[in-house]
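target_8.cif follows; it contains mmCIF, C-alpha atoms and all ligand atoms.
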data_my_file
loop_
_atom_site.label_atom_id
_atom_site.label_comp_id
_atom_site.auth_asym_id
_atom_site.auth_seq_id
_atom_site.Cartn_x
_atom_site.Cartn_y
_atom_site.Cartn_z
CA MET A 1 -141.01 -195.91 49.15
CA GLN A 2 -144.04 -198.06 49.87
CA THR A 3 -145.92 -199.31 46.83
CA ILE A 4 -149.67 -199.51 46.41
CA ASP A 5 -151.32 -202.89 46.79
CA ILE A 6 -153.40 -202.76 43.61
CA GLN A 7 -155.46 -205.84 44.47
CA ARG A 8 -156.42 -204.29 47.76
CA VAL A 9 -157.34 -200.85 46.46
CA ARG A 10 -159.42 -202.47 43.72
CA LYS A 11 -161.19 -204.60 46.31
CA ASP A 12 -161.84 -201.41 48.25
CA THR A 13 -163.49 -199.93 45.15
CA PRO A 14 -166.85 -201.52 44.29
CA GLY A 15 -166.97 -199.66 40.95
CA CYS A 16 -163.88 -201.52 39.69
CA GLU A 17 -166.06 -204.60 39.20
CA GLN A 18 -168.56 -202.70 37.10
CA VAL A 19 -166.65 -200.42 34.77
CA VAL A 20 -163.26 -199.48 33.38
CA HIS A 21 -163.13 -196.08 34.95
CA LEU A 22 -160.90 -193.66 33.04
CA ASN A 23 -162.80 -190.56 34.11
CA ASN A 24 -160.96 -189.76 37.30
CA ALA A 25 -160.49 -186.14 36.22
CA GLY A 26 -164.29 -185.92 35.99
CA ALA A 27 -165.27 -187.79 39.11
CA SER A 28 -163.35 -190.78 40.41
CA LEU A 29 -164.79 -193.92 41.98
CA MET A 30 -165.23 -193.69 45.73
CA PRO A 31 -163.60 -196.39 47.83
CA ARG A 32 -166.04 -198.15 50.15
CA GLN A 33 -164.34 -196.45 53.14
CA VAL A 34 -165.66 -193.15 51.78
CA LEU A 35 -169.04 -194.54 50.78
CA ASP A 36 -169.49 -196.07 54.25
CA GLU A 37 -168.83 -192.74 55.96
CA VAL A 38 -171.28 -190.87 53.74
CA VAL A 39 -174.05 -193.46 54.00
CA GLY A 40 -173.40 -193.97 57.70
CA PHE A 41 -173.72 -190.27 58.37
CA LEU A 42 -176.93 -189.99 56.37
CA ASN A 43 -178.34 -192.91 58.31
CA LEU A 44 -177.41 -191.28 61.59
CA GLU A 45 -179.12 -188.06 60.48
CA ALA A 46 -182.24 -190.00 59.52
CA LEU A 47 -182.35 -191.87 62.81
CA THR A 48 -181.29 -189.22 65.33
CA GLY A 49 -181.84 -185.86 63.60
CA GLY A 50 -179.46 -183.69 61.58
CA TYR A 51 -178.37 -181.30 64.33
CA GLU A 52 -178.02 -184.13 66.79
CA ALA A 53 -175.92 -186.15 64.36
CA ALA A 54 -173.58 -183.18 63.80
CA GLU A 55 -173.23 -182.72 67.56
CA GLN A 56 -172.56 -186.40 68.14
CA ARG A 57 -169.91 -186.45 65.40
CA GLU A 58 -168.36 -183.08 66.24
CA ALA A 59 -164.87 -184.52 66.74
CA GLN A 60 -165.00 -186.39 63.45
CA ILE A 61 -166.10 -183.25 61.61
CA ALA A 62 -163.25 -181.28 63.19
CA ARG A 63 -160.81 -183.97 62.05
CA VAL A 64 -161.75 -183.34 58.41
CA TYR A 65 -159.89 -180.03 58.63
CA GLU A 66 -156.91 -181.73 60.25
CA SER A 67 -156.82 -184.28 57.44
CA ILE A 68 -156.89 -181.68 54.67
CA ALA A 69 -154.25 -179.67 56.54
CA ALA A 70 -152.04 -182.78 56.74
CA LEU A 71 -152.54 -183.35 53.01
CA LEU A 72 -151.45 -179.81 52.12
CA GLY A 73 -148.89 -179.16 54.85
CA CYS A 74 -150.74 -176.30 56.53
CA GLY A 75 -152.75 -175.56 59.66
CA ALA A 76 -156.38 -176.65 60.12
CA ASP A 77 -157.28 -172.98 60.72
CA GLU A 78 -156.15 -172.23 57.15
CA ILE A 79 -158.77 -174.55 55.62
CA ALA A 80 -162.38 -173.93 54.60
CA VAL A 81 -164.64 -176.72 53.39
CA VAL A 82 -167.24 -175.69 50.82
CA GLU A 83 -169.39 -177.26 48.14
CA ASN A 84 -166.91 -177.36 45.26
CA ALA A 85 -163.60 -176.02 44.04
CA THR A 86 -165.12 -173.24 41.99
CA ARG A 87 -166.92 -171.74 44.97
CA ALA A 88 -163.76 -172.11 47.03
CA TRP A 89 -161.74 -170.28 44.38
CA ASP A 90 -164.45 -167.62 43.95
CA MET A 91 -164.65 -166.85 47.66
CA ALA A 92 -160.96 -166.01 47.70
CA PHE A 93 -160.72 -164.37 44.29
CA TYR A 94 -163.66 -162.02 44.78
CA ALA A 95 -162.20 -161.01 48.15
CA VAL A 96 -159.08 -159.53 46.54
CA PRO A 97 -159.33 -155.74 46.80
CA PHE A 98 -158.62 -154.89 43.16
CA GLN A 99 -158.07 -151.29 42.08
CA PRO A 100 -158.46 -149.94 38.53
CA GLY A 101 -155.29 -150.61 36.56
CA ASP A 102 -154.31 -153.65 38.64
CA ARG A 103 -153.06 -156.61 36.64
CA ILE A 104 -153.91 -160.29 36.97
CA LEU A 105 -151.30 -162.66 35.52
CA THR A 106 -152.67 -166.02 34.47
CA ALA A 107 -151.81 -169.02 32.30
CA MET A 108 -152.75 -170.26 28.84
CA ALA A 109 -154.36 -173.35 30.35
CA GLU A 110 -156.51 -171.42 32.83
CA TYR A 111 -159.86 -172.99 33.68
CA GLY A 112 -162.95 -171.44 32.05
CA SER A 113 -164.77 -170.53 35.27
CA ASN A 114 -161.70 -168.71 36.58
CA TYR A 115 -161.26 -166.78 33.37
CA ILE A 116 -164.93 -165.76 33.35
CA ALA A 117 -164.40 -164.37 36.85
CA PHE A 118 -161.33 -162.45 35.61
CA LEU A 119 -163.42 -160.99 32.79
CA GLN A 120 -166.17 -159.95 35.18
CA VAL A 121 -163.75 -158.21 37.52
CA ALA A 122 -161.98 -156.64 34.53
CA ARG A 123 -165.31 -155.14 33.44
CA GLN A 124 -166.45 -154.09 36.88
CA LYS A 125 -163.18 -152.77 38.27
CA GLY A 126 -160.97 -151.90 35.31
CA VAL A 127 -158.48 -154.64 36.01
CA ARG A 128 -156.23 -155.94 33.23
CA ILE A 129 -155.77 -159.65 32.47
CA ASP A 130 -152.35 -160.60 31.14
CA VAL A 131 -151.67 -164.13 30.00
CA ILE A 132 -148.22 -165.58 30.57
CA PRO A 133 -147.09 -167.33 27.38
CA ASN A 134 -146.04 -170.96 27.38
CA ASP A 135 -142.46 -172.07 26.96
CA GLU A 136 -141.43 -174.47 24.19
CA ALA A 137 -142.68 -177.44 26.23
CA GLY A 138 -146.16 -175.92 26.51
CA GLN A 139 -146.07 -175.07 30.21
CA VAL A 140 -146.11 -171.60 31.80
CA SER A 141 -142.89 -169.85 30.86
CA VAL A 142 -141.23 -168.92 34.12
CA GLU A 143 -138.84 -166.63 32.23
CA ALA A 144 -141.72 -164.78 30.57
CA LEU A 145 -143.44 -164.42 33.93
CA LYS A 146 -140.35 -162.75 35.40
CA GLY A 147 -140.38 -160.22 32.60
CA MET A 148 -144.05 -159.38 33.13
CA LEU A 149 -143.81 -158.34 36.77
CA ASP A 150 -144.31 -154.76 37.83
CA GLU A 151 -145.90 -152.89 40.74
CA ARG A 152 -149.36 -153.16 39.14
CA VAL A 153 -149.51 -156.94 39.36
CA ARG A 154 -152.01 -157.66 42.14
CA LEU A 155 -152.48 -161.39 41.61
CA ILE A 156 -150.86 -164.38 39.94
CA ALA A 157 -153.61 -166.97 39.36
CA ILE A 158 -152.57 -170.23 37.74
CA THR A 159 -154.15 -173.59 37.08
CA HIS A 160 -151.71 -176.28 38.23
CA VAL A 161 -153.04 -179.15 36.10
CA PRO A 162 -155.57 -178.08 33.48
CA THR A 163 -158.89 -179.80 32.95
CA ASN A 164 -158.01 -180.70 29.36
CA GLY A 165 -154.77 -182.63 29.47
CA GLY A 166 -151.63 -184.00 31.05
CA LEU A 167 -149.78 -180.72 31.57
CA VAL A 168 -148.37 -180.01 35.04
CA ASN A 169 -147.50 -176.34 35.35
CA PRO A 170 -144.35 -175.47 37.35
CA ALA A 171 -146.30 -174.31 40.40
CA ALA A 172 -143.36 -174.14 42.80
CA GLU A 173 -141.12 -172.15 40.44
CA ILE A 174 -143.99 -169.70 39.98
CA GLY A 175 -144.42 -169.65 43.76
CA LYS A 176 -140.82 -168.65 44.25
CA ILE A 177 -141.23 -165.72 41.87
CA ALA A 178 -144.48 -164.66 43.55
CA ARG A 179 -142.83 -164.83 46.97
CA ASP A 180 -139.79 -162.84 45.89
CA ALA A 181 -142.01 -160.16 44.37
CA ASN A 182 -144.46 -160.29 47.28
CA ILE A 183 -147.44 -160.90 44.99
CA LEU A 184 -150.56 -162.82 46.02
CA TYR A 185 -150.53 -166.28 44.38
CA LEU A 186 -153.72 -168.27 43.83
CA LEU A 187 -153.34 -171.85 42.66
CA ASP A 188 -156.20 -173.87 41.17
CA ALA A 189 -155.14 -177.34 42.24
CA CYS A 190 -158.42 -179.00 41.39
CA GLN A 191 -156.87 -181.68 39.15
CA SER A 192 -153.58 -182.04 40.99
CA VAL A 193 -154.67 -182.56 44.62
CA GLY A 194 -154.90 -186.29 45.25
CA GLN A 195 -152.90 -187.11 42.15
CA MET A 196 -149.49 -185.86 43.30
CA PRO A 197 -147.94 -184.54 46.51
CA ILE A 198 -148.68 -180.86 47.06
CA ASP A 199 -147.24 -178.95 49.97
CA VAL A 200 -148.36 -175.34 50.17
CA GLN A 201 -145.08 -174.33 51.82
CA THR A 202 -142.86 -175.62 49.02
CA THR A 203 -145.36 -174.62 46.35
CA GLY A 204 -145.40 -171.13 47.77
CA CYS A 205 -149.05 -170.42 47.00
CA ASP A 206 -151.06 -168.14 49.27
CA ILE A 207 -154.41 -169.58 48.24
CA LEU A 208 -155.27 -173.01 46.86
CA SER A 209 -158.57 -174.52 45.76
CA GLY A 210 -159.40 -178.20 45.42
CA THR A 211 -162.34 -180.49 44.94
CA GLY A 212 -163.41 -183.75 46.57
CA ARG A 213 -164.71 -185.85 43.73
CA LYS A 214 -161.75 -185.92 41.33
CA TYR A 215 -158.36 -187.38 42.23
CA LEU A 216 -159.17 -187.45 45.94
CA ARG A 217 -162.01 -189.91 45.28
CA GLY A 218 -164.39 -188.14 47.65
CA PRO A 219 -168.12 -187.55 47.25
CA ARG A 220 -169.52 -185.03 44.79
CA GLY A 221 -170.50 -181.61 46.08
CA THR A 222 -167.40 -181.17 48.23
CA GLY A 223 -164.49 -178.78 47.85
CA PHE A 224 -162.00 -176.88 49.96
CA LEU A 225 -159.92 -173.74 50.15
CA TYR A 226 -156.55 -173.08 51.71
CA VAL A 227 -155.63 -169.51 52.60
CA ARG A 228 -152.25 -168.71 54.13
CA ARG A 229 -152.67 -167.43 57.68
CA ASP A 230 -151.23 -163.97 57.06
CA TRP A 231 -153.68 -163.44 54.19
CA ILE A 232 -156.90 -164.58 55.85
CA GLU A 233 -157.70 -161.33 57.62
CA ARG A 234 -156.76 -159.26 54.58
CA LEU A 235 -159.41 -161.02 52.48
CA GLU A 236 -162.98 -160.14 53.39
CA PRO A 237 -165.27 -162.71 51.73
CA PRO A 238 -167.68 -161.38 49.08
CA LEU A 239 -170.53 -163.20 50.88
CA LEU A 240 -171.01 -163.32 54.63
CA ASP A 241 -173.48 -165.05 56.90
CA LEU A 242 -173.75 -165.83 60.59
CA HIS A 243 -171.22 -168.63 60.31
CA ALA A 244 -168.61 -166.51 58.55
CA ALA A 245 -169.23 -163.56 60.84
CA VAL A 246 -170.83 -162.78 64.21
CA TRP A 247 -173.54 -160.12 64.48
CA THR A 248 -172.11 -158.39 67.53
CA ALA A 249 -174.38 -155.33 67.81
CA ARG A 250 -177.26 -153.81 65.86
CA ASP A 251 -174.96 -152.17 63.31
CA GLU A 252 -171.89 -154.32 63.67
CA TYR A 253 -170.42 -157.66 62.75
CA VAL A 254 -167.06 -159.31 63.22
CA VAL A 255 -165.73 -161.68 60.59
CA ARG A 256 -164.16 -164.94 61.76
CA LYS A 257 -160.39 -164.91 62.00
CA ASP A 258 -159.81 -168.35 60.49
CA ALA A 259 -160.36 -169.61 56.95
CA ARG A 260 -163.87 -170.70 57.82
CA ARG A 261 -164.88 -167.11 57.07
CA PHE A 262 -165.05 -168.41 53.48
CA GLU A 263 -167.63 -171.07 54.38
CA ASN A 264 -171.34 -170.74 54.92
CA TRP A 265 -173.51 -172.16 57.66
CA GLU A 266 -175.53 -174.92 56.09
CA THR A 267 -173.51 -177.69 54.61
CA ASN A 268 -173.62 -181.32 53.58
CA TYR A 269 -172.16 -183.04 56.66
CA ALA A 270 -172.28 -186.48 55.09
CA GLY A 271 -170.23 -185.11 52.21
CA LYS A 272 -167.84 -183.44 54.58
CA VAL A 273 -167.04 -186.61 56.56
CA GLY A 274 -166.81 -188.45 53.24
CA LEU A 275 -164.26 -185.92 52.06
CA GLY A 276 -162.30 -186.46 55.27
CA ALA A 277 -162.34 -190.22 54.72
CA ALA A 278 -161.16 -189.73 51.12
CA VAL A 279 -158.23 -187.58 52.26
CA ASP A 280 -157.34 -190.13 54.95
CA TYR A 281 -157.45 -192.91 52.37
CA ALA A 282 -155.07 -191.01 50.08
CA LEU A 283 -152.74 -190.24 53.00
CA SER A 284 -152.71 -193.89 54.05
CA LEU A 285 -151.51 -194.91 50.58
CA GLY A 286 -149.06 -191.99 50.40
CA LEU A 287 -149.09 -189.24 47.82
CA ASP A 288 -145.64 -190.17 46.50
CA PRO A 289 -146.62 -193.76 45.65
CA ILE A 290 -149.92 -192.46 44.20
CA TRP A 291 -148.09 -190.03 41.92
CA GLU A 292 -145.56 -192.65 40.91
CA ARG A 293 -148.34 -195.03 39.87
CA VAL A 294 -150.63 -192.44 38.24
CA SER A 295 -147.89 -190.81 36.18
CA SER A 296 -146.52 -194.13 35.00
CA LEU A 297 -149.99 -195.40 34.02
CA GLY A 298 -150.52 -192.10 32.19
CA ALA A 299 -147.25 -192.59 30.33
CA TYR A 300 -148.22 -196.17 29.50
CA MET A 301 -151.57 -195.04 28.12
CA ARG A 302 -149.85 -192.40 25.97
CA SER A 303 -147.46 -194.98 24.55
CA CYS A 304 -150.35 -197.34 23.67
CA LEU A 305 -152.55 -194.63 22.18
CA GLY A 306 -149.63 -193.05 20.36
CA ALA A 307 -148.99 -196.34 18.57
CA ILE A 308 -152.51 -196.42 17.10
CA PRO A 309 -152.60 -195.02 13.55
CA GLY A 310 -155.30 -192.32 13.56
CA GLY A 311 -154.89 -191.56 17.24
CA THR A 312 -153.33 -188.20 18.13
CA LEU A 313 -152.15 -187.21 21.59
CA HIS A 314 -152.48 -183.60 22.73
CA ASP A 315 -150.80 -183.43 26.14
CA LEU A 316 -148.41 -180.56 26.73
CA GLY A 317 -145.69 -179.92 29.25
CA ARG A 318 -142.41 -181.28 30.52
CA VAL A 319 -144.00 -183.26 33.36
CA LYS A 320 -147.17 -185.14 32.43
CA CYS A 321 -149.80 -186.50 34.77
CA GLY A 322 -152.62 -189.05 34.66
CA ILE A 323 -154.84 -187.05 32.32
CA VAL A 324 -154.45 -188.17 28.72
CA SER A 325 -156.06 -186.10 25.97
CA PHE A 326 -156.40 -187.30 22.42
CA THR A 327 -158.41 -187.19 19.22
CA VAL A 328 -159.33 -189.95 16.79
CA ALA A 329 -159.06 -189.22 13.07
CA GLY A 330 -162.43 -188.54 11.47
CA ILE A 331 -164.52 -189.27 14.58
CA ASP A 332 -165.67 -186.51 16.89
CA ALA A 333 -164.79 -186.67 20.56
CA GLU A 334 -168.34 -187.14 21.84
CA THR A 335 -168.88 -190.08 19.49
CA VAL A 336 -165.69 -191.68 20.77
CA ARG A 337 -166.85 -191.19 24.36
CA LYS A 338 -170.25 -192.76 23.67
CA ARG A 339 -168.73 -195.71 21.83
CA LEU A 340 -166.36 -196.34 24.74
CA LEU A 341 -169.28 -196.14 27.16
CA GLU A 342 -171.01 -198.93 25.22
CA HIS A 343 -168.02 -201.03 26.25
CA LYS A 344 -168.34 -199.86 29.88
CA ILE A 345 -165.27 -197.70 29.54
CA ASN A 346 -165.76 -194.28 31.12
CA VAL A 347 -163.98 -191.25 29.72
CA SER A 348 -165.09 -187.65 29.26
CA THR A 349 -164.54 -184.97 26.68
CA SER A 350 -163.16 -181.49 27.12
CA PRO A 351 -164.67 -178.68 25.03
CA VAL A 352 -163.02 -175.46 23.90
CA GLU A 353 -165.05 -173.45 26.46
CA SER A 354 -163.32 -175.13 29.40
CA THR A 355 -159.85 -173.87 28.46
CA ARG A 356 -160.43 -171.45 25.58
CA LEU A 357 -157.03 -169.74 25.42
CA ASP A 358 -155.19 -173.02 25.06
CA MET A 359 -157.69 -174.75 22.78
CA ASP A 360 -158.07 -171.77 20.43
CA GLU A 361 -154.33 -171.40 20.10
CA ARG A 362 -153.98 -175.05 19.14
CA GLY A 363 -157.05 -174.99 16.88
CA LEU A 364 -158.83 -177.62 18.97
CA THR A 365 -162.58 -177.76 19.60
CA ARG A 366 -163.03 -180.86 21.75
CA LEU A 367 -160.71 -183.54 23.08
CA VAL A 368 -161.32 -186.99 24.47
CA ARG A 369 -160.01 -187.09 28.05
CA ALA A 370 -159.01 -190.42 29.51
CA SER A 371 -157.76 -189.99 33.07
CA VAL A 372 -156.15 -192.82 34.99
CA HIS A 373 -155.94 -193.38 38.72
CA TYR A 374 -153.75 -195.71 40.75
CA PHE A 375 -156.46 -198.39 40.87
CA ASN A 376 -156.49 -198.71 37.08
CA THR A 377 -154.42 -201.51 35.59
CA GLY A 378 -152.25 -202.07 32.54
CA GLN A 379 -154.81 -204.63 31.33
CA GLU A 380 -157.57 -202.02 31.50
CA ILE A 381 -155.47 -199.65 29.44
CA ASP A 382 -154.71 -202.37 26.88
CA HIS A 383 -158.42 -203.13 26.63
CA PHE A 384 -159.24 -199.43 26.24
CA CYS A 385 -156.71 -199.09 23.43
CA ARG A 386 -158.10 -202.13 21.62
CA VAL A 387 -161.59 -200.61 21.77
CA VAL A 388 -160.24 -197.31 20.41
CA GLU A 389 -158.77 -199.32 17.52
CA GLN A 390 -162.16 -200.95 16.95
CA ILE A 391 -163.85 -197.55 16.90
CA LEU A 392 -161.34 -196.36 14.32
CA ALA A 393 -161.94 -199.44 12.20
CA GLY A 394 -165.67 -198.51 12.17
C1 LIG B 1 -163.01 -179.40 37.66
C2 LIG B 1 -162.14 -178.20 37.71
C3 LIG B 1 -162.52 -177.08 38.45
C4 LIG B 1 -163.87 -176.96 39.09
O1 LIG B 1 -164.06 -177.80 40.16
P1 LIG B 1 -165.51 -177.97 40.78
O2 LIG B 1 -165.34 -178.79 42.00
O3 LIG B 1 -166.34 -178.62 39.71
O4 LIG B 1 -166.02 -176.60 41.07
C5 LIG B 1 -161.63 -176.04 38.56
N1 LIG B 1 -160.44 -176.08 37.94
C6 LIG B 1 -160.04 -177.13 37.21
C7 LIG B 1 -158.69 -177.11 36.56
C8 LIG B 1 -160.89 -178.22 37.05
O5 LIG B 1 -160.51 -179.26 36.30
#
Just give me the structure as structure tokens.
Ligand SMILES: *Cc1c(COP(=O)(O)O)cnc(C)c1O
Amino acid sequence: MQTIDIQRVRKDTPGCEQVVHLNNAGASLMPRQVLDEVVGFLNLEALTGGYEAAEQREAQIARVYESIAALLGCGADEIAVVENATRAWDMAFYAVPFQPGDRILTAMAEYGSNYIAFLQVARQKGVRIDVIPNDEAGQVSVEALKGMLDERVRLIAITHVPTNGGLVNPAAEIGKIARDANILYLLDACQSVGQMPIDVQTTGCDILSGTGRKYLRGPRGTGFLYVRRDWIERLEPPLLDLHAAVWTARDEYVVRKDARRFENWETNYAGKVGLGAAVDYALSLGLDPIWERVSSLGAYMRSCLGAIPGGTLHDLGRVKCGIVSFTVAGIDAETVRKRLLEHKINVSTSPVESTRLDMDERGLTRLVRASVHYFNTGQEIDHFCRVVEQILAG
């Protein structure tokens, strides 16, 4: 397996000279290859006109879909590019033709926005939400899931890697169960895409949502949706426009046959080509070497933090990723974040509202979230841990 040239990727990343960036689960640092595409496209728009720029760069824009398809192991016609992962997820979720009494099976670590959507559909359509319990390692219990299946289950919707910690849910094992039972499977891969290899065929999901700015290192305001070909035409988007559909006669329209039915007409083209460049950058490094590096840096950070008296780690699961969640005795999470920022160390915090089922069950209100990427170094992590010690010492 090729390894990542850390010097080179850091040189590619102007932000590495400015900050210790441990907020890759929030928004990562763009490599200059991405920045150049975004800025270059904006310049072209300014100098030649927006429509004219899009026409001139038509082939490049089309290649964005090819790149995302290569990343996920699917066809370009199965990809929609939208403004964020939430909207991508929503466009698919709200297209599911729920009937009263249908069941949605989800996970303890489900993302807040997704759960709010479940609650809305539960209220509006009389759908039931059933939460699959965790196993003893704190990940979705595959055994429990098997026991929960019946003919009323319309959807299995799972967050792969939650926003609030290192857990990696067993997405492919769940996919196998969903396939065997012929149940629609929606995977929120927002934190996992770009961090680890994900192939929609082996994962077995029918729908997957992802974002640009997190582990893919793309620009903000970009996201994408994968919908398996045989599901696309069975899912009529909740919102349509003249990009998603064609107005064929006074009283008629025809919805597109590819996944772009989930998009809308106006879009941020600079962001889109930036997203394509970010995917290409990840593919050029290789998702296996990226995952190898990210997971081992995550493990290193856990071992350093775990050795600090007063530091408590909160990551669940058998397999742990680059997101490290912790608390510091007697100091609230936001204070820790601000103190780290004074040292130019970027982290974020994760409140109970983002993953309420999981946080409530563990009696947690807010966690500090330090998320590593492959361009981080062991020295940065050592420095971070020394500053955490300083914060503890007052
Ligand atoms: C960040 C996040 C989202 C939302 O992504 P956006 O691009 O901000 O819409 C969804 N799910 C998980 C697990 C996330 O961490």
Site check for ligand LIG 1 (chain B): residues at most 10 Å away, only C-alpha atoms and all ligand atoms, as an mmCIF file with C-alpha atoms, in the frame of the given file:
data_model
loop_
_atom_site.group_PDB
_atom_site.id
_atom_site.type_symbol
_atom_site.label_atom_id
_atom_site.label_comp_id
_atom_site.auth_asym_id
_atom_site.auth_seq_id
_atom_site.Cartn_x
_atom_site.Cartn_y
_atom_site.Cartn_z
ATOM 1 C CA ALA A 25 -160.490 -186.140 36.220
ATOM 2 C CA GLY A 26 -164.290 -185.920 35.990
ATOM 3 C CA ALA A 27 -165.270 -187.790 39.110
ATOM 4 C CA VAL A 82 -167.240 -175.690 50.820
ATOM 5 C CA GLU A 83 -169.390 -177.260 48.140
ATOM 6 C CA ASN A 84 -166.910 -177.360 45.260
ATOM 7 C CA ALA A 85 -163.600 -176.020 44.040
ATOM 8 C CA THR A 86 -165.120 -173.240 41.990
ATOM 9 C CA ARG A 87 -166.920 -171.740 44.970
ATOM 10 C CA ALA A 88 -163.760 -172.110 47.030
ATOM 11 C CA TRP A 89 -161.740 -170.280 44.380
ATOM 12 C CA ASP A 90 -164.450 -167.620 43.950
ATOM 13 C CA ALA A 109 -154.360 -173.350 30.350
ATOM 14 C CA GLU A 110 -156.510 -171.420 32.830
ATOM 15 C CA TYR A 111 -159.860 -172.990 33.680
ATOM 16 C CA GLY A 112 -162.950 -171.440 32.050
ATOM 17 C CA SER A 113 -164.770 -170.530 35.270
ATOM 18 C CA ASN A 114 -161.700 -168.710 36.580
ATOM 19 C CA ILE A 158 -152.570 -170.230 37.740
ATOM 20 C CA THR A 159 -154.150 -173.590 37.080
ATOM 21 C CA HIS A 160 -151.710 -176.280 38.230
ATOM 22 C CA VAL A 161 -153.040 -179.150 36.100
ATOM 23 C CA PRO A 162 -155.570 -178.080 33.480
ATOM 24 C CA THR A 163 -158.890 -179.800 32.950
ATOM 25 C CA ASN A 164 -158.010 -180.700 29.360
ATOM 26 C CA GLY A 165 -154.770 -182.630 29.470
ATOM 27 C CA LEU A 187 -153.340 -171.850 42.660
ATOM 28 C CA ASP A 188 -156.200 -173.870 41.170
ATOM 29 C CA ALA A 189 -155.140 -177.340 42.240
ATOM 30 C CA CYS A 190 -158.420 -179.000 41.390
ATOM 31 C CA GLN A 191 -156.870 -181.680 39.150
ATOM 32 C CA SER A 192 -153.580 -182.040 40.990
ATOM 33 C CA SER A 209 -158.570 -174.520 45.760
ATOM 34 C CA GLY A 210 -159.400 -178.200 45.420
ATOM 35 C CA THR A 211 -162.340 -180.490 44.940
ATOM 36 C CA GLY A 212 -163.410 -183.750 46.570
ATOM 37 C CA ARG A 213 -164.710 -185.850 43.730
ATOM 38 C CA LYS A 214 -161.750 -185.920 41.330
ATOM 39 C CA ARG A 220 -169.520 -185.030 44.790
ATOM 40 C CA GLY A 221 -170.500 -181.610 46.080
ATOM 41 C CA THR A 222 -167.400 -181.170 48.230
ATOM 42 C CA GLY A 223 -164.490 -178.780 47.850
ATOM 43 C CA PHE A 224 -162.000 -176.880 49.960
ATOM 44 C CA SER A 350 -163.160 -181.490 27.120
ATOM 45 C CA SER A 354 -163.320 -175.130 29.400
ATOM 46 C CA THR A 355 -159.850 -173.870 28.460
#
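Proximity to Thr13 of chain A at 12 Å, evaluated using all atoms listed in the file and with sequence-adjacent residues fewer than 2 positions away removed, yields Ile6, Gln7, Arg8, Val9, Arg10, Lys11, Gly15, Cys16, Glu17, Gln18, Val19, Val20, His21, Ser28, Leu29, Met30, Pro31, Arg32, Gln33, Val34, Leu35, Asp36, Arg217, Tyr281, His373, Tyr374, Phe375 and Asn376 of chain A.
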query: Separation of atom CA of Cys205 of chain A and atom CA of Ile174 of chain A, in Å?
result: 8.7 Å
field: Surrounding residues of segment 314-317 of chain A excluding itself and chain neighbours under 4 positions, 10 Å, only C-alpha atoms, as a ChimeraX atom specification
entry: /A:134-140,164-170,302,321,323-327,362,364,367-369
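Considering the residues A:Gly330, A:Pro351, A:Gly101, A:Gly147 and counting all atoms listed in the file, Arg128 of chain A has its shortest atom-to-atom contact with A:Gly101.
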Per residue of segment 260-344 of chain A within 8 Å of segment 50-62 of chain A, note the shortest atom pair and the distance in Å to one decimal, counting all atoms listed in the file, and order the rows by chain and increasing residue number, as JSON lines.
{"residue": "A:Tyr269", "atom": "CA", "partner": "A:Ala54", "partner_atom": "CA", "distance": 7.3}
{"residue": "A:Lys272", "atom": "CA", "partner": "A:Ile61", "partner_atom": "CA", "distance": 7.2}
{"residue": "A:Val273", "atom": "CA", "partner": "A:Ile61", "partner_atom": "CA", "distance": 6.1}
Output file for the selection above: C-alpha atoms, as a compact mmCIF listing (two decimals), keeping the file's coordinate frame:
# COMPACT_ATOMS: atom_id res chain seq x y z
CA TYR A 269 -172.16 -183.04 56.66
CA LYS A 272 -167.84 -183.44 54.58
CA VAL A 273 -167.04 -186.61 56.56
field: Separation of atom CA of Gly310 of chain A from atom CA of Phe384 of chain A, in Å and rounded to one decimal
entry: 15.1 Å
message: Neighbouring residues of Leu283 of chain A were defined as those with any atom within 10 Å, considering only C-alpha atoms; residues of the same chain fewer than 6 positions away were excluded. Please report them as a PyMOL selection string.
response: chain A and resi 67-68+70-71+194+197+216+277+290
- request: Go through A:Thr3, A:Glu361, A:Val193, A:Leu22 one by one, measure the shortest atom-to-atom distance of each to Lys344 of chain A using only C-alpha atoms, and give the residue with the smallest value.
  value: A:Leu22
Near segment 248-268 of chain A, 9 Å: segment 9-114 of chain A residue rows, closest pairs, only C-alpha atoms, as JSON lines:
{"residue": "A:Ala76", "atom": "CA", "partner": "A:Ala259", "partner_atom": "CA", "distance": 8.7}
{"residue": "A:Asp77", "atom": "CA", "partner": "A:Asp258", "partner_atom": "CA", "distance": 5.3}
{"residue": "A:Glu78", "atom": "CA", "partner": "A:Ala259", "partner_atom": "CA", "distance": 5.0}
{"residue": "A:Ile79", "atom": "CA", "partner": "A:Ala259", "partner_atom": "CA", "distance": 5.4}
{"residue": "A:Ala80", "atom": "CA", "partner": "A:Arg260", "partner_atom": "CA", "distance": 4.8}
{"residue": "A:Val81", "atom": "CA", "partner": "A:Glu263", "partner_atom": "CA", "distance": 6.5}
{"residue": "A:Val82", "atom": "CA", "partner": "A:Glu263", "partner_atom": "CA", "distance": 5.8}
{"residue": "A:Glu83", "atom": "CA", "partner": "A:Thr267", "partner_atom": "CA", "distance": 7.7}
{"residue": "A:Ala88", "atom": "CA", "partner": "A:Phe262", "partner_atom": "CA", "distance": 7.5}
{"residue": "A:Met91", "atom": "CA", "partner": "A:Phe262", "partner_atom": "CA", "distance": 6.0}
{"residue": "A:Ala92", "atom": "CA", "partner": "A:Phe262", "partner_atom": "CA", "distance": 7.5}
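Computed from the coordinates, the atom CA of Leu208 of chain A to atom CA of Asn346 of chain A distance equals 28.5 Å.
Using only C-alpha atoms for every distance, the candidate list A:Ala370, A:Leu340, A:Ile129, A:Cys304 yields A:Cys304 as the residue closest to Asp382 of chain A.
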